[in-house]
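Enquirer: Here you go, input_10.csv (CSV, C-alpha atoms and all ligand atoms):
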chain,number,residue,atom,x,y,z
A,261,MET,CA,80.4,90.3,103.0
A,262,LYS,CA,82.0,92.5,100.3
A,263,ARG,CA,85.8,92.4,100.4
A,264,ILE,CA,87.6,95.4,99.2
A,265,ALA,CA,91.3,96.0,98.3
A,266,ILE,CA,92.8,99.4,98.7
A,267,PHE,CA,95.7,100.4,96.4
A,268,ALA,CA,98.0,103.2,97.7
A,269,SER,CA,101.4,104.5,96.7
A,270,GLY,CA,102.4,106.7,99.6
A,271,SER,CA,101.2,107.8,103.0
A,272,GLY,CA,97.9,106.0,103.0
A,273,SER,CA,96.0,108.3,105.3
A,274,ASN,CA,92.9,107.8,103.2
A,275,ALA,CA,93.4,104.0,103.2
A,276,GLU,CA,93.5,104.1,107.0
A,277,ASN,CA,90.4,106.3,107.2
A,278,ILE,CA,88.5,103.9,105.0
A,279,ALA,CA,89.7,100.9,107.0
A,280,ASN,CA,88.5,102.6,110.2
A,281,TYR,CA,85.2,103.5,108.7
A,282,PHE,CA,84.5,99.8,107.9
A,283,ALA,CA,86.2,98.3,110.9
A,284,ASN,CA,82.9,97.3,112.6
A,285,SER,CA,80.9,96.8,109.4
A,286,ASP,CA,79.2,93.4,108.9
A,287,SER,CA,78.8,93.9,105.2
A,288,VAL,CA,82.2,95.4,104.0
A,289,GLN,CA,85.7,94.4,104.9
A,290,VAL,CA,89.0,96.0,103.9
A,291,ALA,CA,90.7,92.7,103.2
A,292,LEU,CA,93.9,93.8,101.4
A,293,ILE,CA,96.2,96.7,100.9
A,294,VAL,CA,98.3,96.8,97.7
A,295,ALA,CA,101.3,99.2,97.4
A,296,ASN,CA,103.6,99.7,94.5
A,297,ASN,CA,106.5,100.9,96.7
A,298,PRO,CA,108.1,98.8,99.5
A,299,ASN,CA,108.8,101.9,101.5
A,300,ALA,CA,105.3,103.3,101.3
A,301,PHE,CA,104.0,104.4,104.8
A,302,VAL,CA,100.7,102.8,104.0
A,303,LEU,CA,102.4,99.4,104.6
A,304,GLU,CA,103.1,100.5,108.2
A,305,ARG,CA,99.5,101.5,108.6
A,306,ALA,CA,98.3,98.1,107.2
A,307,LYS,CA,100.5,96.3,109.8
A,308,ARG,CA,99.1,98.4,112.6
A,309,LEU,CA,95.5,97.9,111.4
A,310,GLY,CA,96.1,94.1,111.0
A,311,ILE,CA,95.3,94.2,107.3
A,312,GLU,CA,97.2,92.0,104.9
A,313,SER,CA,99.3,93.8,102.4
A,314,VAL,CA,101.2,93.1,99.2
A,315,VAL,CA,103.8,95.0,97.2
A,316,VAL,CA,103.8,94.9,93.4
A,317,THR,CA,106.5,96.4,91.2
A,318,LYS,CA,105.5,98.7,88.3
A,319,ASP,CA,106.1,95.9,85.8
A,320,GLU,CA,104.1,93.4,87.8
A,321,PHE,CA,101.3,95.9,88.0
A,322,LYS,CA,101.4,96.5,84.3
A,323,ALA,CA,101.4,92.8,83.5
A,324,ALA,CA,98.5,92.4,85.9
A,325,ASP,CA,98.2,88.5,85.9
A,326,GLY,CA,100.0,87.9,89.2
A,327,LEU,CA,98.1,90.7,91.0
A,328,ILE,CA,94.8,89.4,89.6
A,329,THR,CA,95.6,85.9,91.0
A,330,THR,CA,96.4,87.6,94.4
A,331,LEU,CA,93.1,89.5,94.3
A,332,HIS,CA,91.2,86.3,93.5
A,333,GLU,CA,93.0,84.4,96.3
A,334,HIS,CA,91.7,87.1,98.7
A,335,ASN,CA,88.2,87.0,97.2
A,336,ILE,CA,88.3,90.7,96.4
A,337,ASP,CA,85.0,92.1,95.0
A,338,PHE,CA,85.9,95.8,94.7
A,339,ILE,CA,89.0,98.0,94.4
A,340,VAL,CA,89.6,101.5,95.8
A,341,LEU,CA,92.5,103.6,94.6
A,342,ALA,CA,93.4,106.0,97.4
A,343,GLY,CA,96.5,107.9,96.4
A,344,PHE,CA,97.6,105.3,93.9
A,345,LEU,CA,99.7,106.7,91.1
A,346,LEU,CA,100.1,104.0,88.4
A,347,LEU,CA,97.8,103.7,85.4
A,348,VAL,CA,95.4,100.8,85.9
A,349,PRO,CA,96.0,98.2,83.1
A,350,ALA,CA,93.1,97.2,80.8
A,351,LYS,CA,93.3,93.6,82.0
A,352,LEU,CA,92.6,94.6,85.6
A,353,ILE,CA,89.7,96.8,84.5
A,354,ALA,CA,88.3,93.9,82.5
A,355,GLU,CA,88.5,91.7,85.6
A,356,TYR,CA,86.7,94.3,87.8
A,357,PRO,CA,84.4,96.2,85.4
A,358,GLY,CA,82.6,99.0,87.2
A,359,ARG,CA,84.3,97.9,90.4
A,360,ILE,CA,87.4,100.2,90.6
A,361,VAL,CA,87.0,103.7,92.0
A,362,ASN,CA,89.6,106.4,92.4
A,363,ILE,CA,89.7,109.7,94.3
A,364,HIS,CA,91.3,112.7,92.6
A,365,PRO,CA,92.2,115.7,94.8
A,366,ALA,CA,90.6,118.3,92.5
A,367,LEU,CA,87.5,119.0,90.5
A,368,LEU,CA,87.9,116.9,87.4
A,369,PRO,CA,88.0,117.5,84.4
A,370,LYS,CA,90.3,120.3,85.7
A,371,HIS,CA,93.8,119.4,86.9
A,372,GLY,CA,93.7,115.7,86.0
A,373,GLY,CA,95.9,113.5,83.8
A,374,LYS,CA,99.3,111.9,83.9
A,375,GLY,CA,101.6,113.4,86.5
A,376,MET,CA,98.8,115.2,88.3
A,377,TYR,CA,98.8,113.8,91.7
A,378,GLY,CA,99.2,115.0,95.3
A,379,ASP,CA,100.8,118.3,95.7
A,380,HIS,CA,101.3,118.8,92.0
A,381,VAL,CA,97.5,119.1,91.7
A,382,HIS,CA,97.2,121.7,94.5
A,383,GLU,CA,100.1,123.7,93.1
A,384,ALA,CA,98.3,123.8,89.7
A,385,VAL,CA,95.1,125.0,91.4
A,386,VAL,CA,96.9,127.9,93.1
A,387,ALA,CA,98.9,128.7,89.9
A,388,ALA,CA,95.6,128.8,87.9
A,389,GLY,CA,94.1,131.3,90.4
A,390,ASP,CA,91.1,129.0,90.9
A,391,LYS,CA,88.5,130.1,93.4
A,392,GLU,CA,87.6,126.6,94.4
A,393,SER,CA,89.0,123.1,94.5
A,394,GLY,CA,87.7,119.8,95.9
A,395,ILE,CA,87.5,116.1,95.3
A,396,THR,CA,86.3,113.9,92.6
A,397,ILE,CA,85.4,110.2,93.2
A,398,HIS,CA,85.1,108.4,89.9
A,399,LEU,CA,85.1,105.1,88.2
A,400,ILE,CA,88.4,104.0,86.6
A,401,ASP,CA,88.7,103.4,82.9
A,402,GLU,CA,91.7,103.1,80.7
A,403,ASN,CA,92.6,106.8,80.6
A,404,TYR,CA,93.9,108.8,83.6
A,405,ASP,CA,91.1,110.6,85.5
A,406,GLN,CA,88.4,110.2,82.9
A,407,GLY,CA,85.9,107.6,84.1
A,408,THR,CA,82.3,108.3,85.2
A,409,THR,CA,82.1,110.7,88.2
A,410,PHE,CA,80.1,109.5,91.2
A,411,PHE,CA,80.6,112.4,93.5
A,412,GLN,CA,82.3,115.8,93.8
A,413,ALA,CA,82.6,118.1,96.8
A,414,THR,CA,84.1,121.6,96.8
A,415,CYS,CA,86.1,123.8,99.1
A,416,PRO,CA,87.0,127.5,98.6
A,417,VAL,CA,90.5,128.7,97.6
A,418,TYR,CA,91.2,132.1,98.9
A,419,PRO,CA,93.7,134.6,97.6
A,420,GLY,CA,96.9,133.9,99.5
A,421,ASP,CA,96.2,130.3,100.0
A,422,THR,CA,99.3,128.1,99.5
A,423,ALA,CA,99.2,124.6,97.9
A,424,HIS,CA,99.6,123.3,101.4
A,425,ASP,CA,96.5,125.2,102.5
A,426,VAL,CA,94.5,123.8,99.6
A,427,ALA,CA,95.8,120.2,100.4
A,428,GLU,CA,94.5,120.5,104.0
A,429,LYS,CA,91.0,121.5,102.8
A,430,VAL,CA,91.0,118.8,100.2
A,431,HIS,CA,92.2,116.1,102.7
A,432,ALA,CA,89.4,117.1,105.0
A,433,LEU,CA,86.8,116.6,102.2
A,434,GLU,CA,88.4,113.2,101.4
A,435,TYR,CA,88.2,112.0,105.0
A,436,LYS,CA,84.6,113.2,105.3
A,437,HIS,CA,83.2,111.8,102.1
A,438,PHE,CA,85.3,109.0,100.5
A,439,PRO,CA,84.3,106.1,102.9
A,440,ARG,CA,80.7,107.0,102.8
A,441,VAL,CA,80.6,107.2,99.0
A,442,ILE,CA,82.4,103.8,98.8
A,443,ASP,CA,79.7,102.4,101.1
A,444,GLU,CA,76.9,103.8,98.9
A,445,ILE,CA,78.5,102.4,95.7
A,446,LEU,CA,78.9,99.0,97.4
A,447,GLN,CA,75.3,98.9,98.5
A,448,GLN,CA,74.2,99.3,94.8
A,449,LEU,CA,76.4,96.4,93.5
B,501,LIG,C1,95.1,112.1,98.2
B,501,LIG,O1,94.9,113.4,98.4
B,501,LIG,C2,94.5,111.6,96.9
B,501,LIG,O2,93.4,112.3,96.5
B,501,LIG,C3,95.7,111.8,96.0
B,501,LIG,O3,96.8,111.5,96.7
B,501,LIG,C4,96.6,111.8,98.1
B,501,LIG,C5,97.1,110.5,98.9
B,501,LIG,O4,97.1,110.8,100.2
B,501,LIG,N1,95.5,111.1,94.8
B,501,LIG,C6,96.0,111.5,93.6
B,501,LIG,O5,96.6,112.6,93.5
B,501,LIG,C7,95.7,110.6,92.4
B,501,LIG,N2,95.9,111.3,91.1
B,501,LIG,P1,97.1,109.6,101.3
B,501,LIG,O6,98.2,108.7,100.8
B,501,LIG,O7,97.5,110.3,102.6
B,501,LIG,O8,95.8,109.0,101.3
Would it be possible to restate this file's structure as structure tokens?

Expert:
Amino acid sequence: MKRIAIFASGSGSNAENIANYFANSDSVQVALIVANNPNAFVLERAKRLGIESVVVTKDEFKAADGLITTLHEHNIDFIVLAGFLLLVPAKLIAEYPGRIVNIHPALLPKHGGKGMYGDHVHEAVVAAGDKESGITIHLIDENYDQGTTFFQATCPVYPGDTAHDVAEKVHALEYKHFPRVIDEILQQL
């Protein structure tokens, strides 16, 4: 059984979707949810789903040691960032080399980097007049949004689309593809 931890900072709709996808799996279990904000709605979802959760402060996350101990205590093999906004420290990457994936709500290398998350990304896509957006599922390394890309999927952006319209299309792609791509990556580990 591969045990995964999902890190999320906010609503956690992707975390819930991934947890539901693996709910009846006999090879993968979502064993832990990690949030960096005690008020993040993902913690309510974790409770409802019966998944253990922990909250770490920004400083604890940066220091990494306590969190690494917690991940070991839960026998975590793989980490999924699903709407997680802090930069992953080198120590954690060294502990889980090639075993941390992120989803970015745009087609990297466009619209990535520090501060580019959630609605900011979709606003940037609309402001740039892009004709398409999408999702990028990639490995985490020490720079924001720069690790090896595993998978991209695109959606059209029409003239007149708002950032909210783009967000809806991108969320649909996330729900459709993210769990399946995680499953494929895990099968190759
Ligand atoms: C998702 O769209 C995810 O791609 C994005 O945050 C949203 C979280 O939604 N992640 C980033 O912007 C990371 N740079 P959710 O909390 O409902 O899953």

Enquirer: Using only C-alpha atoms and all ligand atoms for the distances, tell me which of A:Ser273, A:Ser285, A:Thr330, A:Thr396 is nearest to ligand LIG 501 (chain B).

Expert: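 Smallest distance to ligand LIG 501 (chain B) is found for A:Ser273.
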
Enquirer: Compute the set of protein, DNA and RNA residues whose minimum atom distance to ligand LIG 501 (chain B) is at most 9 Å, using all atoms listed in the file, and state it as a PyMOL selection string.

Expert: chain A and resi 268-277+300-302+341-346+362-366+372-381+395-397+404-405+427+430-431+434-435

Enquirer: Could you tell me how far atom CA of A:Pro349 lies from atom CA of A:Lys436, in Å and to one decimal?

Expert: 29.1 Å

Enquirer: Between atom CA of A:Arg263 and atom CA of A:Gln406, what distance in Å does the model show, to one decimal?

Expert: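 Atom CA of A:Gln406 lies at a distance of 25.1 Å from atom CA of A:Arg263.
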
Enquirer: Atom CA of A:Asn335 and atom CA of A:Pro357 are how many Å apart?

Expert: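 Computing it gives 15.4 Å between the two atoms.
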
Enquirer: Can you work out which one of A:Val426, A:Leu352, A:Ile400, A:Ile266 has the shortest atom-to-atom distance to A:Ser313, counting all atoms listed in the file?

Expert: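 Nearest to A:Ser313: A:Ile266.
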
Enquirer: Select, from A:Lys429, A:Lys307, A:His382, A:Arg440, the residue with the minimum atom-to-atom distance to A:Lys370, counting only C-alpha atoms.

Expert: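 Looking at the shortest contact to A:Lys370, the residue is A:His382.
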
Enquirer: Which residue is closest to A:Glu312? Choose from A:Val294, A:Ala350, A:Val340, A:Ala384 and count only C-alpha atoms.

Expert: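 Result for the nearest residue to A:Glu312: A:Val294.
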